[in-house]
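Enquirer: Let me begin by handing over the structure; questions about it come next.
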Amino acid sequence: MKGTLLFNALREAIDEEMDRDPLVCVMGEDVGQYGGSYKVTKDLYEKYGEFRVLDTPIAENSFTGMAVGAAMTGLRPIVEGMNMGFLLLAFNQISNNMGMLRYTSGGNFTIPTVVRGPGGVGRQLGAEHSQRLEAYFHAVPGIKIVACSTPTNAKGLMKAAIRDNNPVLFFEHVLLYNLTEELPEGDYVCALDQADLVKQGSDITILTYSRMRHHCLKAVEILEGKGIDVELIDLISLKPFDMETISKSIRKTHRVIIVEECMKTGGIAAELMSLITEHCFDDLDSPPVRLSSQDIPTPYNGNLENLTIIQPHQIVDAAEKIIVNGGVD
């Protein structure tokens, strides 16, 4: 079977769900006739028409608010942010409306909405187009947050997110769209609240998500050559965390590194370290370590851009220091 690119896996998921359920619709900038900036909605406009694949003005707060209203009346909208950084303009609609209306309406309304789009560091897109917003939205109650990392989980997670009756923020990485993989046959979904145990090991646990999964895999290969047996977990679900899988791994390895592309201050790893300390303190032989991006706007220069985020050799160095010295200086 021929491999499928990640952006096509997402398109397949949306296409199949739109075909399965006439209530599913798409809205956003250039999602229609143009097919989306990264072609995730390519050809859907011709197949489903302008009422189900709606090109919107450049007004993120307006069309995200419109999606909330559509969900309240029974539709299942998918909102594309041409770049996830633009959705800061819709923060009010996502937090005060999407996240809270089910509660504030006493359960009279559900908001089955998916908010998806590209983000992350790469391709020299500059500071405003290299946002990692997962931590920005992490404190918002009432929403689920997932980050895909492979074509297989991209398709399965997208289908699950569309079918879910709660708002789901769906993070895609701009550098993973051309990742290729053979997809399982038939209709399948991935759980929105479960981590993926990528590789079992006994010496140290590495927790990661999105693009950093692939940086960690490179590091794991090097560490295996040095005799260090790594257990690698792709978090996938950023809200809620799959603490059952995480805790089980730490009870086995007694050491943990969290690798993220998010900024260090107030990042996903910061929250995860707190939970690990609460739930797994007695199981740890050394303090948890986080490897995060630098707290600066992402430079346009490609070399400087690479220096702001964690690279595989830094993961290798951190793991060796923990194994040998019991911690990172």
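Chain labels follow the order of the structure tokens: the first chain is A, the next B, and so on; residue numbering restarts at 1 in every chain, and ligands are counted from 1 in their shown order.
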So that I can check the secondary structure, give me every residue of region 64-280 of chain A assigned strand (DSSP E or B) by backbone DSSP, as a PyMOL selection string.

Expert: chain A and resi 76-80+114-119+144-147+168-173+180-181+196-199+204-208+230-234+237-239+256-263

Enquirer: Could you please write out, as a list of chain:residue names, every residue of region 28-65 of chain A that DSSP assigns to alpha helix (DSSP H)?

Expert: A:Leu44, A:Tyr45, A:Glu46, A:Lys47, A:Tyr48, A:Glu60, A:Asn61, A:Ser62, A:Phe63, A:Thr64, A:Gly65

Enquirer: For the selection you just gave me, I'd like the residues written to a file as a CSV table (one decimal), in the first residue's frame, keeping C-alpha atoms.

Expert:
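Output (selection_15.csv):
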```csv
chain,number,residue,atom,x,y,z
A,44,LEU,CA,-13.6,19.4,-0.5
A,45,TYR,CA,-15.2,22.6,-1.8
A,46,GLU,CA,-16.0,21.0,-5.1
A,47,LYS,CA,-17.4,17.9,-3.4
A,48,TYR,CA,-19.5,19.4,-0.7
A,60,GLU,CA,-10.6,34.9,13.3
A,61,ASN,CA,-12.7,36.2,16.2
A,62,SER,CA,-15.8,36.4,13.9
A,63,PHE,CA,-15.7,33.1,12.2
A,64,THR,CA,-14.7,31.2,15.4
A,65,GLY,CA,-17.6,32.8,17.1
```

Enquirer: Can you pull out the residues contacting Asn165 (chain A)? Cut-off 8 Å, using only C-alpha atoms, and skip same-chain residues under 4 positions away; I want them as a ChimeraX atom specification.

Expert: /A:110-113

Enquirer: How would the residues just chosen look if you wrote them out with C-alpha atoms as a compact mmCIF listing (two decimals), in the first residue's frame?

Expert:
```
# COMPACT_ATOMS: atom_id res chain seq x y z
CA THR A 110 -22.92 21.06 23.51
CA ILE A 111 -20.15 22.61 21.43
CA PRO A 112 -18.81 19.84 19.15
CA THR A 113 -16.18 21.97 17.46
```

Enquirer: When you look at Ala269 (chain A) with a cut-off of 7 Å (counting only C-alpha atoms), what residues show up, excluding the ones that are within fewer than 2 positions of it in the same chain? I need them as number ranges by chain.

Expert: A: 258, 260, 267, 271-273, 290

Enquirer: With only C-alpha atoms as the atoms that count, which of A:Glu182, A:Glu17, A:Asp196, A:Glu244 lies nearest to Leu5 (chain A)?

Expert: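 Of A:Glu182, A:Glu17, A:Asp196, A:Glu244, the one nearest Leu5 (chain A), counting only C-alpha atoms, is A:Glu182.
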
Enquirer: Near Pro118 (chain A), within 9 Å and counting only C-alpha atoms, which residues show up once chain neighbours fewer than 4 positions away are dropped, as a ChimeraX atom specification?

Expert: /A:38,80-85,171-175,177

Enquirer: What would the file look like if the residues just selected were written as a short mmCIF file (atom, residue, chain, number, x, y, z; two decimals), in the first residue's frame with all heavy atoms?

Expert:
```cif
data_model
loop_
_atom_site.label_atom_id
_atom_site.label_comp_id
_atom_site.auth_asym_id
_atom_site.auth_seq_id
_atom_site.Cartn_x
_atom_site.Cartn_y
_atom_site.Cartn_z
N TYR A 38 -2.18 24.60 3.48
CA TYR A 38 -1.38 23.38 3.40
C TYR A 38 -2.16 22.23 2.78
O TYR A 38 -1.84 21.06 2.97
CB TYR A 38 -0.86 23.01 4.79
CG TYR A 38 0.14 24.02 5.31
CD1 TYR A 38 -0.28 25.12 6.05
CD2 TYR A 38 1.50 23.91 5.03
CE1 TYR A 38 0.63 26.06 6.52
CE2 TYR A 38 2.42 24.84 5.48
CZ TYR A 38 1.97 25.92 6.23
OH TYR A 38 2.88 26.86 6.68
N GLU A 80 -10.50 26.05 10.70
CA GLU A 80 -9.07 26.05 10.38
C GLU A 80 -8.47 27.41 10.66
O GLU A 80 -8.95 28.42 10.13
CB GLU A 80 -8.80 25.68 8.91
CG GLU A 80 -7.32 25.78 8.57
CD GLU A 80 -6.96 25.41 7.15
OE1 GLU A 80 -7.40 24.34 6.69
OE2 GLU A 80 -6.25 26.20 6.49
N GLY A 81 -7.43 27.42 11.48
CA GLY A 81 -6.62 28.62 11.60
C GLY A 81 -5.51 28.51 10.57
O GLY A 81 -4.72 27.57 10.62
N MET A 82 -5.46 29.41 9.62
CA MET A 82 -4.44 29.34 8.58
C MET A 82 -3.05 29.18 9.21
O MET A 82 -2.19 28.48 8.69
CB MET A 82 -4.48 30.60 7.72
CG MET A 82 -3.49 30.60 6.58
SD MET A 82 -3.49 32.15 5.65
CE MET A 82 -5.08 32.07 4.84
N ASN A 83 -2.87 29.81 10.35
CA ASN A 83 -1.72 29.59 11.22
C ASN A 83 -2.25 29.69 12.65
O ASN A 83 -3.03 30.59 12.95
CB ASN A 83 -0.62 30.63 10.97
CG ASN A 83 0.60 30.42 11.84
OD1 ASN A 83 0.61 30.77 13.01
ND2 ASN A 83 1.64 29.84 11.26
N MET A 84 -1.84 28.75 13.50
CA MET A 84 -2.43 28.73 14.85
C MET A 84 -2.18 30.02 15.60
O MET A 84 -2.96 30.40 16.48
CB MET A 84 -1.89 27.54 15.63
CG MET A 84 -2.40 26.19 15.15
SD MET A 84 -4.20 26.00 15.21
CE MET A 84 -4.42 25.16 16.77
N GLY A 85 -1.11 30.74 15.26
CA GLY A 85 -0.85 32.01 15.92
C GLY A 85 -1.96 33.03 15.69
O GLY A 85 -2.22 33.88 16.55
N PHE A 171 -3.67 20.38 17.31
CA PHE A 171 -2.42 21.00 16.90
C PHE A 171 -1.68 20.14 15.88
O PHE A 171 -1.44 18.95 16.12
CB PHE A 171 -1.53 21.26 18.13
CG PHE A 171 -1.97 22.43 18.95
CD1 PHE A 171 -2.86 22.26 20.00
CD2 PHE A 171 -1.52 23.71 18.65
CE1 PHE A 171 -3.28 23.35 20.76
CE2 PHE A 171 -1.93 24.79 19.40
CZ PHE A 171 -2.82 24.63 20.45
N GLU A 172 -1.34 20.77 14.77
CA GLU A 172 -0.56 20.14 13.71
C GLU A 172 0.77 20.90 13.59
O GLU A 172 0.79 22.12 13.78
CB GLU A 172 -1.32 20.20 12.39
CG GLU A 172 -2.71 19.58 12.47
CD GLU A 172 -3.70 20.14 11.46
OE1 GLU A 172 -3.26 20.80 10.49
OE2 GLU A 172 -4.91 19.93 11.65
N HIS A 173 1.84 20.20 13.27
CA HIS A 173 3.13 20.87 13.13
C HIS A 173 3.44 21.10 11.67
O HIS A 173 3.33 20.20 10.84
CB HIS A 173 4.24 20.07 13.79
CG HIS A 173 5.46 20.89 14.09
ND1 HIS A 173 6.31 21.35 13.10
CD2 HIS A 173 5.96 21.37 15.26
CE1 HIS A 173 7.28 22.06 13.64
NE2 HIS A 173 7.10 22.09 14.95
N VAL A 174 3.87 22.31 11.38
CA VAL A 174 4.11 22.71 9.99
C VAL A 174 5.17 21.85 9.31
O VAL A 174 5.14 21.67 8.08
CB VAL A 174 4.49 24.21 9.95
CG1 VAL A 174 5.84 24.44 10.59
CG2 VAL A 174 4.47 24.76 8.54
N LEU A 175 6.10 21.28 10.08
CA LEU A 175 7.17 20.48 9.50
C LEU A 175 6.81 19.00 9.38
O LEU A 175 7.63 18.21 8.90
CB LEU A 175 8.46 20.62 10.31
CG LEU A 175 9.15 21.98 10.22
CD1 LEU A 175 10.44 21.98 11.03
CD2 LEU A 175 9.45 22.36 8.77
N TYR A 177 3.77 17.92 7.89
CA TYR A 177 2.75 17.72 6.86
C TYR A 177 3.20 16.76 5.76
O TYR A 177 2.39 16.04 5.18
CB TYR A 177 2.34 19.06 6.24
CG TYR A 177 1.34 19.83 7.06
CD1 TYR A 177 1.53 21.18 7.33
CD2 TYR A 177 0.19 19.23 7.55
CE1 TYR A 177 0.62 21.91 8.08
CE2 TYR A 177 -0.73 19.94 8.31
CZ TYR A 177 -0.51 21.28 8.57
OH TYR A 177 -1.43 21.99 9.31
#
```

Enquirer: Quick one: residues within 7 Å of Ile78 (chain A), only C-alpha atoms counted, chain neighbours fewer than 2 positions away excluded, as a list in words?

Expert: Cys25, Val26, Met27, Arg76, Glu80, Thr113, Val114 and Val115 of chain A

Enquirer: Would you output that residue set with N, CA and C atoms, as a CSV table (one decimal), in the first residue's frame?

Expert:
```csv
chain,number,residue,atom,x,y,z
A,25,CYS,N,-19.1,20.5,9.0
A,25,CYS,CA,-18.8,21.5,8.0
A,25,CYS,C,-17.4,22.1,8.3
A,26,VAL,N,-16.8,22.9,7.4
A,26,VAL,CA,-15.5,23.4,7.5
A,26,VAL,C,-15.6,24.9,7.3
A,27,MET,N,-14.9,25.7,8.1
A,27,MET,CA,-14.8,27.1,7.8
A,27,MET,C,-13.4,27.7,8.2
A,76,ARG,N,-21.6,20.5,13.3
A,76,ARG,CA,-20.3,20.0,13.9
A,76,ARG,C,-19.2,20.7,13.1
A,80,GLU,N,-10.5,26.1,10.7
A,80,GLU,CA,-9.1,26.0,10.4
A,80,GLU,C,-8.5,27.4,10.7
A,113,THR,N,-17.0,21.2,18.4
A,113,THR,CA,-16.2,22.0,17.5
A,113,THR,C,-14.7,21.5,17.5
A,114,VAL,N,-14.1,21.4,16.3
A,114,VAL,CA,-12.7,21.2,16.2
A,114,VAL,C,-12.0,22.5,15.7
A,115,VAL,N,-11.0,22.9,16.4
A,115,VAL,CA,-10.2,24.0,16.0
A,115,VAL,C,-8.8,23.5,15.6
```
